[in-house]
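Below: one structure, written as C-alpha cells.
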Amino acid sequence: MQDLARSLSSGQDERAAPASADPQIPTLRYTSADYAQIEWERMWRRTWLFACREEYVSSPGDFQEFQIGSQSILIVRAEDGRLRAFHNACLHRGTRLKRGCGKAQELRCMFHAWSWNLDGTNREITDGHDFPGVAADDLMLPEVLVSVWEGFVFINLDRQARSLEAYLGDVPGQFAKFRLGEMRVQSHRQTVVPANWKVPVDNFNESYHVVGLHPQQLPFIDDTNVVYETIGLHSTELCRSGVPSARLNGMLDEDDVLDGMLEARRSTYHQGNDQARQAMQALEALTVPEGERARDVMLDLKRKRLAGLGRELSGLSESDLMDGHGLHLFPNSVMFMSYGECFIVRTRPNGRDPNTCLLDLINLDFPASADRPQALVEIVRDYENHDWGLVISQDFECFREVQIGLNAESLKGVRLARYQEKRIRNMHNNLEAYVGS
Amino acid sequence: MSDHKAGSEQGAVTVRVLPLDRSFTVMPEESVLQAARSSGLRWPSICNGQGSCTVCHMEVRDGLAHAGAEGPGERERLHFAGRRDPAARLACQTHPLRSITVWKKGVKAAETDLG
C-alpha cells in the first residue's frame with residue numbers, strides 16, 4: 001500500500017474517471033466511525049501534515065502544540081536554531097508537557113518536575129536515585145519528523161516516511177512565485193464544524209459550486225473556465241477573476257464587473273485587514289475608462305498597493321496577481337491565493353466523531369510593518385453566528401447541510417463531475433491508496 | 001421617457017429602472033423580470049425566474065411599500081447572498097402593485113452591443 005501511495009505521488013495522472021452516472025464515492029467515508037478509525041491507522045499517521053506557520057516557532061524557546069487525533073505533538077525551536085517535534089508526553093507518567101503555544105527555556109512537567117532541554121535531551125529527573133537503571137538514552141523525548149516548506153511547518157508521525165520535498169513533488173516549483181514564505185499570518189480562527197473533515201476539503205477543491213453558493217461572485221468570477229489539474233497526491237485550480245461568468249451570457253459590462261468586485265470587497269476574506277480597508281476606499285472612487293477592462297483597473301490598484309509594500313513585481317504575470325490559484329495538499333489543507341493574499345483551510349478529525357471536524361481558517365498577507373504583532377489563534381465557539389465574511393459564511397453554512405444529507409440511508413454514494421470535480425476524485429483516489437477501498 | 005401611469009392593484013403598472021433610466025409596463029400576472037424582458041430589456045439572471053440564483057436582484061429606490069409580497073424563500077435567498085438591505089428584492093419574484101423605481105446595474109437594451 002505504501003508503494004502504491006508513493007507511485008501515486010510521483011506525478012502520475014489520476015485514474016480515468018468512471019462514468020459519472022454511477023455514484024463514485026461511498027458515503028460511509030464521511031459518516032462511518034469505523035472508516036474514520038482506519039483513516040487514523042493507515043493515513044493520518046503516515047502523511048505529512050501542516051501543523052503551524054513557522055513564525056509561531058521562529059525563535060529559540062518558542063513552542064507550538066499540534067493535535068492530530070489522539071496525538072499531541074510539540075513543535076519546538078531548540079537553542080541550536082533547529083526545529084524539533086516531539087510526542088508531547090512526559091516519560092515518567094505521561095503528563096502533557098506543554099499546552100498551546102508559548103516560550104520556554106525547558107520542557108518541564110507540571111506533575112513531578114521532570115524536565116527536558118529544548119533539543120529533547122533529559123535535563124533532570126526529580127530524585128533520580130529512585131529510578132535505578134534508567135539511562136539517559138531512555139529519556140530522550142521521542143521525536144516525529146518535522147520539515148518546513150514556504151513557512152508551513154509540517155510533521156509526520158511516520159519516522160520512516162519519505163522527505164517532505166519528495167511528498168510535495170512539483171508543488172514547490174509551481175508555487176514559488178507566490179513567496180508564501182515571506183507572508184505572515186493576518187488572522188487565524190479555529191472552530192468546530194458539523195461535518196466530516198473531508199467535506200470542507202471537497203468544497204474548496206472545486207469552483208463548480210459558485211453558481212449555487214456564491215451567486216454574488218458571478219459578475220467577476222469566471223466559474224465556467226476554471227483549469228483544474230492534479231499533481232499526484234495534490235491538485236490545483238486556476239480561476240479567473242475580474243471577468244464575468246459565461247453563465248451571464250455577456251449581459252454585464254465592465255462597470256458591472258467592477259461593481260460586483262466592489263460589493264465583494266465590502267465583505268472580504270480578510271476581515272478587519274487594514275490593507276483591505278484601504279483598498280476598499282480606493283475602490284469606491286474607481287470607474288472603468290472607455291475601452292479598458294475592470295480587470296485592468298483592479299490590476300493597477302493591486303500593483304500600486306503591493307509596490308507600496310515594497311514588493312518586487314517583475315516576473316509576475318497578470319494571472320499571478322489577479323486570479324485565484326487553488327492548491328490542495330493531501331490530505332487536509334486547501335489554500336487559495338493570488339500574489340499577496342492567501343487563505344488556508346485546514347481540517348482535522350474531531351475526536352472519534354466522523355460527523356464533525358476541527359477547522360482552521362488562516363489568512364496570510366505581506367505585512368505593512370515588520371513590527372506587526374503576531375496574530376493569535378482565535379477560538380470561535382459559535383461558528384454559525386460568527387462573521388466569517390460572506391463567502392466563507394456561505395461555504396460554512398453548506399457544510400452542515402452536506403453532512404446531514406450524507407447520512408441519508410438512501411444515499412450510498414456521491415457522484416462527481418467528470419472534469420469540474422476531478423480534484424475531489426483525485427483526493428479520494430489517493431485516500432483509497434492509503435486506506436483501501 | 002415613457003409615461004408613468006400610477007396603476008392600481010388591478011391594472012398594469014410602470015417600473016422605472018436606473019441607472020439605464022428606462023421605464024416599462026408590468027402586467028398584473030408578470031414579474032419585473034418577465035416584463036423587462038418582454039419590453040426588450042436584458043436583465044441578468046441565470047435561473048430565469050426560479051428565485052434561486054439571486055442574480056436578478058435589484059434595489060427598490062422608490063415605492064417599496066407597493067412592491068408587492070415577497071416570493072417564497074425570497075428574503076432568505078437574498079440574505080444568504082449577502083443582500084440584507086430591506087429594499088433589496090429579486091426581480092423575478094416582484095409583482096409591483098403600483099409604479100416603482102428600481103436600481104439595477106447590468107440592465108441593458110437587448111440590442112446593446114457589449115463587445
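Chain identifiers are assigned as A, B, and so on, following the order in which chains appear in the C-alpha cells; residues are numbered from 1 within each chain, and ligands are numbered from 1 in order of appearance.
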If you run DSSP on this backbone, which residues of segment 62-237 of chain A come out as strand (DSSP E or B), and could you give them as an mmCIF file with N, CA, C and O atoms, in the first residue's frame?
data_model
loop_
_atom_site.group_PDB
_atom_site.id
_atom_site.type_symbol
_atom_site.label_atom_id
_atom_site.label_comp_id
_atom_site.auth_asym_id
_atom_site.auth_seq_id
_atom_site.Cartn_x
_atom_site.Cartn_y
_atom_site.Cartn_z
ATOM 1 N N ASP A 62 10.598 29.028 21.457
ATOM 2 C CA ASP A 62 9.197 29.052 21.020
ATOM 3 C C ASP A 62 8.694 27.620 20.877
ATOM 4 O O ASP A 62 9.404 26.747 20.382
ATOM 5 N N PHE A 63 7.468 27.415 21.310
ATOM 6 C CA PHE A 63 6.869 26.102 21.119
ATOM 7 C C PHE A 63 5.417 26.267 20.667
ATOM 8 O O PHE A 63 4.762 27.270 20.951
ATOM 9 N N GLN A 64 4.939 25.253 19.948
ATOM 10 C CA GLN A 64 3.571 25.252 19.443
ATOM 11 C C GLN A 64 3.065 23.816 19.493
ATOM 12 O O GLN A 64 3.696 22.918 18.942
ATOM 13 N N GLU A 65 1.943 23.628 20.173
ATOM 14 C CA GLU A 65 1.342 22.304 20.223
ATOM 15 C C GLU A 65 0.503 22.090 18.977
ATOM 16 O O GLU A 65 -0.194 22.999 18.503
ATOM 17 N N PHE A 66 0.545 20.870 18.452
ATOM 18 C CA PHE A 66 -0.296 20.483 17.316
ATOM 19 C C PHE A 66 -0.944 19.162 17.677
ATOM 20 O O PHE A 66 -0.267 18.194 18.021
ATOM 21 N N GLN A 67 -2.285 19.142 17.592
ATOM 22 C CA GLN A 67 -3.024 17.927 17.923
ATOM 23 C C GLN A 67 -3.568 17.309 16.648
ATOM 24 O O GLN A 67 -4.166 17.990 15.819
ATOM 25 N N ILE A 68 -3.369 16.010 16.524
ATOM 26 C CA ILE A 68 -3.953 15.277 15.414
ATOM 27 C C ILE A 68 -4.482 13.966 15.987
ATOM 28 O O ILE A 68 -3.697 13.153 16.521
ATOM 29 N N GLN A 71 -3.175 12.283 19.276
ATOM 30 C CA GLN A 71 -1.773 12.616 19.488
ATOM 31 C C GLN A 71 -1.540 14.112 19.661
ATOM 32 O O GLN A 71 -2.021 14.924 18.878
ATOM 33 N N SER A 72 -0.787 14.446 20.693
ATOM 34 C CA SER A 72 -0.357 15.822 20.894
ATOM 35 C C SER A 72 1.121 15.887 20.549
ATOM 36 O O SER A 72 1.933 15.147 21.109
ATOM 37 N N ILE A 73 1.461 16.743 19.618
ATOM 38 C CA ILE A 73 2.827 16.893 19.157
ATOM 39 C C ILE A 73 3.311 18.294 19.551
ATOM 40 O O ILE A 73 2.580 19.274 19.375
ATOM 41 N N LEU A 74 4.500 18.375 20.072
ATOM 42 C CA LEU A 74 5.052 19.664 20.486
ATOM 43 C C LEU A 74 6.167 20.057 19.536
ATOM 44 O O LEU A 74 7.176 19.348 19.426
ATOM 45 N N ILE A 75 5.964 21.152 18.844
ATOM 46 C CA ILE A 75 6.962 21.669 17.917
ATOM 47 C C ILE A 75 7.765 22.728 18.666
ATOM 48 O O ILE A 75 7.197 23.642 19.257
ATOM 49 N N VAL A 76 9.095 22.574 18.634
ATOM 50 C CA VAL A 76 9.953 23.428 19.459
ATOM 51 C C VAL A 76 11.112 23.955 18.625
ATOM 52 O O VAL A 76 11.707 23.209 17.835
ATOM 53 N N ARG A 77 11.438 25.216 18.809
ATOM 54 C CA ARG A 77 12.670 25.768 18.229
ATOM 55 C C ARG A 77 13.742 25.631 19.298
ATOM 56 O O ARG A 77 13.677 26.291 20.342
ATOM 57 N N LEU A 83 14.406 23.236 14.317
ATOM 58 C CA LEU A 83 13.056 22.854 14.734
ATOM 59 C C LEU A 83 13.036 21.377 15.087
ATOM 60 O O LEU A 83 13.632 20.563 14.375
ATOM 61 N N ARG A 84 12.338 21.055 16.152
ATOM 62 C CA ARG A 84 12.108 19.669 16.507
ATOM 63 C C ARG A 84 10.630 19.482 16.834
ATOM 64 O O ARG A 84 9.944 20.437 17.186
ATOM 65 N N ALA A 85 10.197 18.241 16.706
ATOM 66 C CA ALA A 85 8.810 17.916 17.053
ATOM 67 C C ALA A 85 8.815 16.648 17.880
ATOM 68 O O ALA A 85 9.365 15.631 17.461
ATOM 69 N N PHE A 86 8.207 16.754 19.036
ATOM 70 C CA PHE A 86 8.229 15.635 19.982
ATOM 71 C C PHE A 86 6.806 15.163 20.279
ATOM 72 O O PHE A 86 5.854 15.954 20.229
ATOM 73 N N HIS A 87 6.714 13.897 20.645
ATOM 74 C CA HIS A 87 5.475 13.462 21.279
ATOM 75 C C HIS A 87 5.387 14.186 22.615
ATOM 76 O O HIS A 87 6.321 14.136 23.429
ATOM 77 N N CYS A 101 0.618 27.371 22.967
ATOM 78 C CA CYS A 101 1.848 27.948 22.425
ATOM 79 C C CYS A 101 2.499 28.827 23.474
ATOM 80 O O CYS A 101 1.858 29.231 24.437
ATOM 81 N N GLY A 102 3.768 29.102 23.274
ATOM 82 C CA GLY A 102 4.467 29.965 24.219
ATOM 83 C C GLY A 102 5.948 29.914 24.023
ATOM 84 O O GLY A 102 6.439 29.551 22.947
ATOM 85 N N LYS A 103 6.656 30.286 25.076
ATOM 86 C CA LYS A 103 8.111 30.321 25.043
ATOM 87 C C LYS A 103 8.612 29.673 26.326
ATOM 88 O O LYS A 103 8.038 29.878 27.398
ATOM 89 N N LEU A 107 11.493 22.129 28.929
ATOM 90 C CA LEU A 107 10.195 21.473 28.862
ATOM 91 C C LEU A 107 10.012 20.736 30.181
ATOM 92 O O LEU A 107 10.558 19.648 30.398
ATOM 93 N N ARG A 108 9.295 21.346 31.083
ATOM 94 C CA ARG A 108 9.201 20.882 32.459
ATOM 95 C C ARG A 108 7.802 20.359 32.727
ATOM 96 O O ARG A 108 6.819 21.047 32.452
ATOM 97 N N SER A 115 12.248 17.337 33.685
ATOM 98 C CA SER A 115 12.401 18.368 32.661
ATOM 99 C C SER A 115 13.340 17.928 31.548
ATOM 100 O O SER A 115 14.206 17.059 31.738
ATOM 101 N N TRP A 116 13.143 18.538 30.417
ATOM 102 C CA TRP A 116 13.937 18.273 29.221
ATOM 103 C C TRP A 116 14.440 19.570 28.623
ATOM 104 O O TRP A 116 13.807 20.628 28.752
ATOM 105 N N ASN A 122 17.277 14.834 28.183
ATOM 106 C CA ASN A 122 16.760 14.986 29.535
ATOM 107 C C ASN A 122 17.608 15.941 30.344
ATOM 108 O O ASN A 122 18.837 15.885 30.293
ATOM 109 N N ARG A 123 16.967 16.772 31.084
ATOM 110 C CA ARG A 123 17.682 17.745 31.922
ATOM 111 C C ARG A 123 17.700 17.281 33.374
ATOM 112 O O ARG A 123 18.727 17.313 34.033
ATOM 113 N N GLU A 124 16.582 16.844 33.850
ATOM 114 C CA GLU A 124 16.525 16.492 35.263
ATOM 115 C C GLU A 124 15.401 15.492 35.528
ATOM 116 O O GLU A 124 14.315 15.605 34.961
ATOM 117 N N GLU A 143 10.861 11.689 19.057
ATOM 118 C CA GLU A 143 10.619 12.704 18.031
ATOM 119 C C GLU A 143 9.762 12.176 16.898
ATOM 120 O O GLU A 143 9.691 10.967 16.647
ATOM 121 N N VAL A 144 9.105 13.110 16.218
ATOM 122 C CA VAL A 144 8.469 12.816 14.938
ATOM 123 C C VAL A 144 9.175 13.694 13.909
ATOM 124 O O VAL A 144 9.919 14.607 14.258
ATOM 125 N N LEU A 145 8.923 13.408 12.653
ATOM 126 C CA LEU A 145 9.571 14.182 11.604
ATOM 127 C C LEU A 145 8.982 15.589 11.554
ATOM 128 O O LEU A 145 7.778 15.781 11.764
ATOM 129 N N VAL A 146 9.826 16.555 11.270
ATOM 130 C CA VAL A 146 9.367 17.935 11.096
ATOM 131 C C VAL A 146 10.136 18.549 9.941
ATOM 132 O O VAL A 146 11.330 18.314 9.787
ATOM 133 N N SER A 147 9.447 19.309 9.128
ATOM 134 C CA SER A 147 10.086 19.933 7.974
ATOM 135 C C SER A 147 9.273 21.155 7.574
ATOM 136 O O SER A 147 8.098 21.287 7.949
ATOM 137 N N VAL A 148 9.890 22.048 6.834
ATOM 138 C CA VAL A 148 9.249 23.331 6.509
ATOM 139 C C VAL A 148 9.260 23.566 5.003
ATOM 140 O O VAL A 148 10.271 23.311 4.330
ATOM 141 N N TRP A 149 8.142 24.020 4.488
ATOM 142 C CA TRP A 149 8.055 24.478 3.102
ATOM 143 C C TRP A 149 7.361 25.829 3.103
ATOM 144 O O TRP A 149 6.246 25.981 3.593
ATOM 145 N N PHE A 152 5.422 26.950 6.019
ATOM 146 C CA PHE A 152 4.472 25.979 6.569
ATOM 147 C C PHE A 152 5.266 24.867 7.260
ATOM 148 O O PHE A 152 6.066 24.196 6.619
ATOM 149 N N VAL A 153 5.042 24.694 8.553
ATOM 150 C CA VAL A 153 5.705 23.628 9.297
ATOM 151 C C VAL A 153 4.843 22.372 9.206
ATOM 152 O O VAL A 153 3.664 22.394 9.558
ATOM 153 N N PHE A 154 5.455 21.304 8.726
ATOM 154 C CA PHE A 154 4.767 20.018 8.591
ATOM 155 C C PHE A 154 5.370 19.024 9.577
ATOM 156 O O PHE A 154 6.589 19.070 9.866
ATOM 157 N N ILE A 155 4.555 18.113 10.043
ATOM 158 C CA ILE A 155 5.057 16.998 10.833
ATOM 159 C C ILE A 155 4.571 15.697 10.211
ATOM 160 O O ILE A 155 3.588 15.678 9.473
ATOM 161 N N ASN A 156 5.281 14.621 10.518
ATOM 162 C CA ASN A 156 4.878 13.298 10.051
ATOM 163 C C ASN A 156 5.142 12.318 11.180
ATOM 164 O O ASN A 156 6.273 12.228 11.696
ATOM 165 N N ARG A 184 2.892 36.533 6.256
ATOM 166 C CA ARG A 184 2.680 36.371 7.687
ATOM 167 C C ARG A 184 1.197 36.200 7.955
ATOM 168 O O ARG A 184 0.352 36.641 7.202
ATOM 169 N N VAL A 185 0.909 35.581 9.112
ATOM 170 C CA VAL A 185 -0.475 35.348 9.489
ATOM 171 C C VAL A 185 -1.144 36.672 9.834
ATOM 172 O O VAL A 185 -0.687 37.400 10.710
ATOM 173 N N GLN A 186 -2.223 36.958 9.139
ATOM 174 C CA GLN A 186 -3.001 38.157 9.445
ATOM 175 C C GLN A 186 -4.126 37.812 10.410
ATOM 176 O O GLN A 186 -4.484 38.611 11.274
ATOM 177 N N SER A 187 -4.694 36.617 10.249
ATOM 178 C CA SER A 187 -5.704 36.144 11.201
ATOM 179 C C SER A 187 -5.718 34.624 11.180
ATOM 180 O O SER A 187 -5.378 34.003 10.159
ATOM 181 N N HIS A 188 -6.084 34.043 12.317
ATOM 182 C CA HIS A 188 -6.145 32.584 12.432
ATOM 183 C C HIS A 188 -7.313 32.270 13.348
ATOM 184 O O HIS A 188 -7.284 32.586 14.535
ATOM 185 N N ARG A 189 -8.333 31.668 12.781
ATOM 186 C CA ARG A 189 -9.503 31.298 13.561
ATOM 187 C C ARG A 189 -9.703 29.780 13.514
ATOM 188 O O ARG A 189 -9.447 29.150 12.496
ATOM 189 N N GLN A 190 -10.148 29.259 14.626
ATOM 190 C CA GLN A 190 -10.315 27.819 14.759
ATOM 191 C C GLN A 190 -11.713 27.547 15.296
ATOM 192 O O GLN A 190 -12.179 28.225 16.209
ATOM 193 N N THR A 191 -12.364 26.547 14.720
ATOM 194 C CA THR A 191 -13.722 26.258 15.164
ATOM 195 C C THR A 191 -14.022 24.787 14.953
ATOM 196 O O THR A 191 -13.195 24.035 14.416
ATOM 197 N N VAL A 192 -15.197 24.367 15.395
ATOM 198 C CA VAL A 192 -15.689 23.014 15.141
ATOM 199 C C VAL A 192 -16.846 23.123 14.160
ATOM 200 O O VAL A 192 -17.778 23.906 14.363
ATOM 201 N N VAL A 193 -16.781 22.362 13.105
ATOM 202 C CA VAL A 193 -17.781 22.400 12.043
ATOM 203 C C VAL A 193 -18.548 21.076 12.062
ATOM 204 O O VAL A 193 -17.936 20.013 12.210
ATOM 205 N N ILE A 221 -16.275 36.448 -11.387
ATOM 206 C CA ILE A 221 -15.551 35.170 -11.318
ATOM 207 C C ILE A 221 -15.972 34.330 -12.519
ATOM 208 O O ILE A 221 -17.153 34.058 -12.714
ATOM 209 N N VAL A 227 -9.406 26.043 -14.650
ATOM 210 C CA VAL A 227 -8.453 24.994 -15.022
ATOM 211 C C VAL A 227 -8.135 24.174 -13.779
ATOM 212 O O VAL A 227 -7.580 24.689 -12.806
ATOM 213 N N TYR A 228 -8.526 22.919 -13.818
ATOM 214 C CA TYR A 228 -8.280 22.010 -12.697
ATOM 215 C C TYR A 228 -7.172 21.047 -13.089
ATOM 216 O O TYR A 228 -7.215 20.447 -14.159
ATOM 217 N N GLU A 229 -6.212 20.883 -12.216
ATOM 218 C CA GLU A 229 -5.118 19.958 -12.504
ATOM 219 C C GLU A 229 -4.771 19.151 -11.261
ATOM 220 O O GLU A 229 -4.876 19.642 -10.139
ATOM 221 N N THR A 230 -4.327 17.927 -11.516
ATOM 222 C CA THR A 230 -3.859 17.092 -10.412
ATOM 223 C C THR A 230 -2.355 16.910 -10.554
ATOM 224 O O THR A 230 -1.829 16.812 -11.671
ATOM 225 N N ILE A 231 -1.682 16.927 -9.408
ATOM 226 C CA ILE A 231 -0.240 16.686 -9.394
ATOM 227 C C ILE A 231 0.036 15.644 -8.320
ATOM 228 O O ILE A 231 0.455 15.970 -7.202
ATOM 229 N N HIS A 234 -1.579 15.762 -4.812
ATOM 230 C CA HIS A 234 -2.121 17.100 -4.613
ATOM 231 C C HIS A 234 -2.837 17.575 -5.871
ATOM 232 O O HIS A 234 -2.911 16.838 -6.873
ATOM 233 N N SER A 235 -3.385 18.785 -5.822
ATOM 234 C CA SER A 235 -4.089 19.296 -7.001
ATOM 235 C C SER A 235 -4.165 20.806 -6.955
ATOM 236 O O SER A 235 -3.966 21.422 -5.895
ATOM 237 N N THR A 236 -4.460 21.393 -8.102
ATOM 238 C CA THR A 236 -4.517 22.843 -8.207
ATOM 239 C C THR A 236 -5.728 23.254 -9.032
ATOM 240 O O THR A 236 -6.331 22.452 -9.745
ATOM 241 N N GLU A 237 -6.056 24.534 -8.918
ATOM 242 C CA GLU A 237 -7.022 25.097 -9.844
ATOM 243 C C GLU A 237 -6.646 26.546 -10.122
ATOM 244 O O GLU A 237 -5.983 27.202 -9.316
#
I need the chain A residues near chain B as a count of residues only; criterion: at most 8 Å, counting only C-alpha atoms. 15
If you run DSSP on this backbone, which residues of segment 175-353 of chain A come out as helix (DSSP H, G or I), and could you give them as a PyMOL selection string? chain A and resi 175-178+180-182+198-203+210-213+215-217+246-248+254-265+274-284+294-308+318-322
Residue nearest Phe50 of chain A - candidates A:Met140, A:Ile344, A:Val297, A:Val402, atoms counted: only C-alpha atoms: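 With only C-alpha atoms as the atom set, the closest residue is A:Ile344.
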Using only C-alpha atoms, which of B:Ala65, B:Leu18, B:Ala91, B:Ala36 sits nearest Gln50 of chain B? B:Ala91
Would you compute the distance between atom CA of Asn117 of chain A and atom CA of Cys52 of chain A? Give it in Å to one decimal.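 Those two atoms sit 21.5 Å apart.
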Quick one: of B:Leu41, B:Met58, B:Val26, B:Val13, who's nearest to Arg84 of chain B, counting only C-alpha atoms?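 The answer is B:Met58, which sits nearest to Arg84 of chain B.
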Contact residues around Ala67 of chain B with only C-alpha atoms at 12 Å, ignoring same-chain residues under 2 positions, as an mmCIF file with C-alpha atoms, in the first residue's frame:
data_model
loop_
_atom_site.group_PDB
_atom_site.id
_atom_site.type_symbol
_atom_site.label_atom_id
_atom_site.label_comp_id
_atom_site.auth_asym_id
_atom_site.auth_seq_id
_atom_site.Cartn_x
_atom_site.Cartn_y
_atom_site.Cartn_z
ATOM 1 C CA SER B 8 -53.772 50.151 -9.440
ATOM 2 C CA GLU B 9 -53.901 46.834 -7.754
ATOM 3 C CA VAL B 13 -48.054 49.469 -13.501
ATOM 4 C CA THR B 14 -44.824 51.108 -14.563
ATOM 5 C CA VAL B 15 -41.351 50.244 -13.414
ATOM 6 C CA VAL B 26 -45.663 45.339 -15.842
ATOM 7 C CA SER B 31 -42.846 39.773 -12.560
ATOM 8 C CA VAL B 32 -40.494 42.671 -13.055
ATOM 9 C CA MET B 58 -32.486 44.917 -7.568
ATOM 10 C CA GLU B 59 -32.849 47.764 -5.116
ATOM 11 C CA VAL B 60 -36.255 49.434 -4.862
ATOM 12 C CA ARG B 61 -35.428 53.126 -4.704
ATOM 13 C CA ASP B 62 -38.996 54.466 -4.689
ATOM 14 C CA GLY B 63 -42.286 52.801 -3.853
ATOM 15 C CA LEU B 64 -41.016 49.936 -1.702
ATOM 16 C CA ALA B 65 -44.351 49.789 0.107
ATOM 17 C CA ALA B 69 -45.432 40.494 -1.421
ATOM 18 C CA GLU B 70 -42.144 38.655 -1.363
ATOM 19 C CA GLY B 71 -41.919 35.315 -3.093
ATOM 20 C CA PRO B 86 -34.807 45.731 3.147
ATOM 21 C CA ALA B 87 -35.056 47.453 -0.214
ATOM 22 C CA ALA B 88 -33.377 44.515 -1.956
ATOM 23 C CA ARG B 89 -35.770 42.386 -3.992
ATOM 24 C CA LEU B 90 -35.495 39.704 -6.619
ATOM 25 C CA ALA B 91 -36.871 40.983 -9.908
ATOM 26 C CA GLN B 93 -40.295 37.490 -7.509
ATOM 27 C CA THR B 94 -41.537 41.069 -7.549
ATOM 28 C CA HIS B 95 -45.068 41.794 -8.749
ATOM 29 C CA PRO B 96 -45.492 45.501 -8.008
ATOM 30 C CA LEU B 97 -48.881 46.826 -7.024
ATOM 31 C CA ARG B 98 -48.089 50.360 -8.063
ATOM 32 C CA SER B 99 -45.400 52.102 -10.057
ATOM 33 C CA ILE B 100 -41.941 51.817 -8.546
ATOM 34 C CA THR B 101 -38.404 52.916 -9.301
ATOM 35 C CA VAL B 102 -35.604 50.398 -9.019
#
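When atom CA of Glu384 of chain A is paired with atom CA of Trp197 of chain A, their separation reads 17.0 Å.
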